[in-house]
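K.L.:
Sharing a structure below in structure tokens format, with a few things to ask.
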Amino acid sequence: MATIVKMPQRGLSEESALLAEWHVKVGDQVSVGDLLFVIETDKTTFEVESEVSGTVLNVLYKEYDEVPVQEAVCIIGEADEVVDLSEYQQEAISSGANSNTPATPEAETIDEKLPVGKSDAFDGVVVDDTKNTKAKISPRAKALALKKGIDYRQASASGPEGRIIEPDIISMLESGPFVSSAARDGYYGLEIGKNQETGLGTGLGQRITTNDLEIRQDESLKKVPEKPFMGSSDDHHIEKKFESVKLSQTRKVISKNMLKSLETTAQLTLNASFDATALLEYRQQIKDRNESMNLSNISINDMILFAVSRTVKNHKALNAHLLGDEMHLYEHVHLGVAVDTDRGLMVPTLSYCDMKSLDVISKELRVLASECREGTINPDHLRGGTFTVTNLGSLGIESFTPILNAPQTGILGVGTIVNMPKEVQGKIVLYPSMVLSLTMDHRALDGAAAARFLKELRENLEKFSLLLAM
């Protein structure tokens, strides 16, 4: 009997996920544990493995389709088994999927303008110059256009979400314009077809040739700007090689969120340093006795998180969300902690951090960070933060400007330890200094209020043993 593989629900609040990548196609034999496909939520990426052995009979969605949770994604069964797809027909139609063919990437989206007169730029960039908006084209459509010498920027998109698909290119084959391979480099920098009635050339089959390009340039319909000369004549002809890497869905989400944060908030960063002597001494005591006391390998970062969770409670405007003209001031501290992963920056949340001991904070953070790096974290654990801490000290960064994790009103950046001089009883001595960089939303609070938080936090860190006794 055939087995229906459904889109898993990784978090209680997840309603759908992006089917990011297929690892099987129709007709493939799979065993228990084989990777079927990869899904991406708005925060992270997950791999879905087969729970049965058999043959992939049908795939109901293509890569980059948004699939509702618990919706059928593919069917696995015996090689000669016939499956009634009537109950999945509507989903397949709505997604444009073909159950008889393996799923493939449908479209790529490009935001930048097409550089003039460069064939290598044309290979990966699609732009609607007349509307100056994003354009999408399927790989099959692009391959056909390149093969036939068609300027697919002029195509009328009939696919979902304004996507140029293969039938659009086939339609253009009936009307042109056509470009010879020799003229292609120069042609894609011109607006041929927009600046004359026919857009047809003088070559075989009315193809646009290099001679047509010269004529149209002489007529000044649209000249290709000369490439600026830099260096010697030999350098001028050196091919500039590069690797084109498509952004992952996670990186796209990070990019979108960071840009939105900077565009929609009034961010101000305050910097202050503190003496980390007390933290280092306490950590050494923990290292000396952690095994006998069954304690975690508590780090300096863990101690800073503990101090932040106790301090920010006294500054409600920083333990808050700013939503339009309304502030949500939270009673407890749900502390977001930035974690570096291969997929990009992730921010798991230590819920009710202000009520947890230093040892519990340390242990929970290690579990959450490990799940982030392995791609197994529950999306619910990436939500609900009321204040965030990001630490680049391990990479030698002394200070930086963190970007708000909106709608939060504050984020604290932590730098590395640097030995700094100070005067003690008339003598210059060195002490371990750390810089704290607080970015706050100036719409939610003033600089003085943020400075008071930093002042109290510095005092708590410099007298860490007293903070533990509170």
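We label chains A, B, ... in the order they appear in the structure tokens, count residues from 1 in each chain, and number ligands from 1 in the order shown.
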If you count only C-alpha atoms, which residues fall within 7 Å of segment 449-456 of chain A, apart from same-chain ones fewer than 4 positions away, as a list in words?
P.N.:
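Skipping anything fewer than 4 positions along the chain leaves Thr311, Val312, His315, Leu445 and Asn460 of chain A.
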K.L.:
Using 9 Å as the limit and counting only C-alpha atoms, can you tabulate each residue of segment 363-431 of chain A that touches segment 12-28 of chain A, with its shortest atom-to-atom distance in Å and the two atoms involved, as JSON lines?
P.N.:
```
{"residue": "A:Asn378", "atom": "CA", "partner": "A:Leu12", "partner_atom": "CA", "distance": 8.9}
{"residue": "A:Pro379", "atom": "CA", "partner": "A:Glu14", "partner_atom": "CA", "distance": 7.8}
{"residue": "A:Asp380", "atom": "CA", "partner": "A:Leu12", "partner_atom": "CA", "distance": 6.8}
```
K.L.:
Please produce an output containing C-alpha atoms for each residue in the selection, written as a compact mmCIF listing (two decimals), in the first residue's frame.
P.N.:
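Output saved as part01.txt:
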```txt
# COMPACT_ATOMS: atom_id res chain seq x y z
CA ASN A 378 11.87 23.91 16.88
CA PRO A 379 10.76 27.18 15.22
CA ASP A 380 8.82 28.05 18.37
```
K.L.:
Give me the residues within 8 Å of segment 316-332 of chain A as a list in words, counting only C-alpha atoms and dropping any in the same chain fewer than 5 places off.
P.N.:
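So, after excluding close chain neighbours, the residues are Tyr352, Cys353, Asp354, Thr386, Phe387, Ala406, Pro407, Gln408, Thr409, Gly410, Met440, Ala444, Leu445 and Ala450 of chain A.
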K.L.:
Separation of atom CA of Thr376 of chain A and atom CA of Lys6 of chain A, in Å?
P.N.:
17.8 Å
K.L.:
Find the residues of segment 350-448 of chain A that sit at most 7 Å from segment 296-303 of chain A; for each, write down the nearest two atoms and how far apart they are in Å, to one decimal. Count only C-alpha atoms. Sort by chain, then by number going up, and give it as a Markdown table.
P.N.:
```
| residue | atom | partner | partner_atom | distance |
| --- | --- | --- | --- | --- |
| A:Leu358 | CA | A:Met303 | CA | 6.8 |
| A:Asp359 | CA | A:Ser296 | CA | 6.0 |
| A:Ile361 | CA | A:Asp302 | CA | 6.8 |
| A:Ser362 | CA | A:Asp302 | CA | 5.6 |
| A:Lys363 | CA | A:Ser296 | CA | 6.3 |
```
K.L.:
Counting only C-alpha atoms, figure out which residue out of A:Gly413, A:Gly77, A:Gly393, A:Pro167 gets nearest to Leu436 of chain A.
P.N.:
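Counting only C-alpha atoms, the residue closest to Leu436 of chain A is A:Gly413.
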K.L.:
From the list A:Leu365, A:Arg289, A:Leu280, A:Gly384, which residue is nearest Met434 of chain A when using only C-alpha atoms?
P.N.:
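Looking at the shortest contact to Met434 of chain A, the residue is A:Leu280.
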K.L.:
Per DSSP on the backbone, filter segment 414-470 of chain A down to the residues in strand (DSSP E) and report them as a list in words.
P.N.:
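Restricting segment 414-470 of chain A to strand (DSSP E) produces Val414, Gly415, Thr416, Ile417, Val418, Asn419, Met420, Pro421, Lys422, Glu423, Val424, Lys427, Ile428, Val429, Leu430, Tyr431, Pro432, Ser433, Met434, Val435, Leu436, Ser437, Leu438, Thr439, Met440 and Asp441 of chain A.
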K.L.:
Under the rule that only C-alpha atoms are counted, which of A:Glu47, A:Asn391, A:Gln70, A:Met1 is the nearest residue to Val82 of chain A?
P.N.:
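Residue with the minimum atom-to-atom distance to Val82 of chain A: A:Met1.
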K.L.:
Could you jot down the atom CA of Ala145 of chain A to atom CA of Lys246 of chain A separation for me, Å, one decimal place?
P.N.:
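About the pair atom CA of Ala145 of chain A and atom CA of Lys246 of chain A: they are 20.9 Å apart.
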K.L.:
From the list A:Ser465, A:Thr277, A:Asn271, A:Asn294, which residue is nearest Gly415 of chain A when using only C-alpha atoms?
P.N.:
A:Asn271
K.L.:
Any idea what's packed within 12 Å of Leu457 of chain A, counting only C-alpha atoms, ignoring anything in its chain fewer than 4 positions away? Could you give it as a VMD selection string?
P.N.:
chain A and resid 272 to 275 303 to 315 412 435 to 438 450 to 453 461 to 464 467
K.L.:
Rank A:Val418, A:Leu466, A:Met293, A:Ala276 by their smallest atom-to-atom distance to Ile397 of chain A, using only C-alpha atoms, and report the top residue only.
P.N.:
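Ranked by minimum distance to Ile397 of chain A, first place goes to A:Val418.
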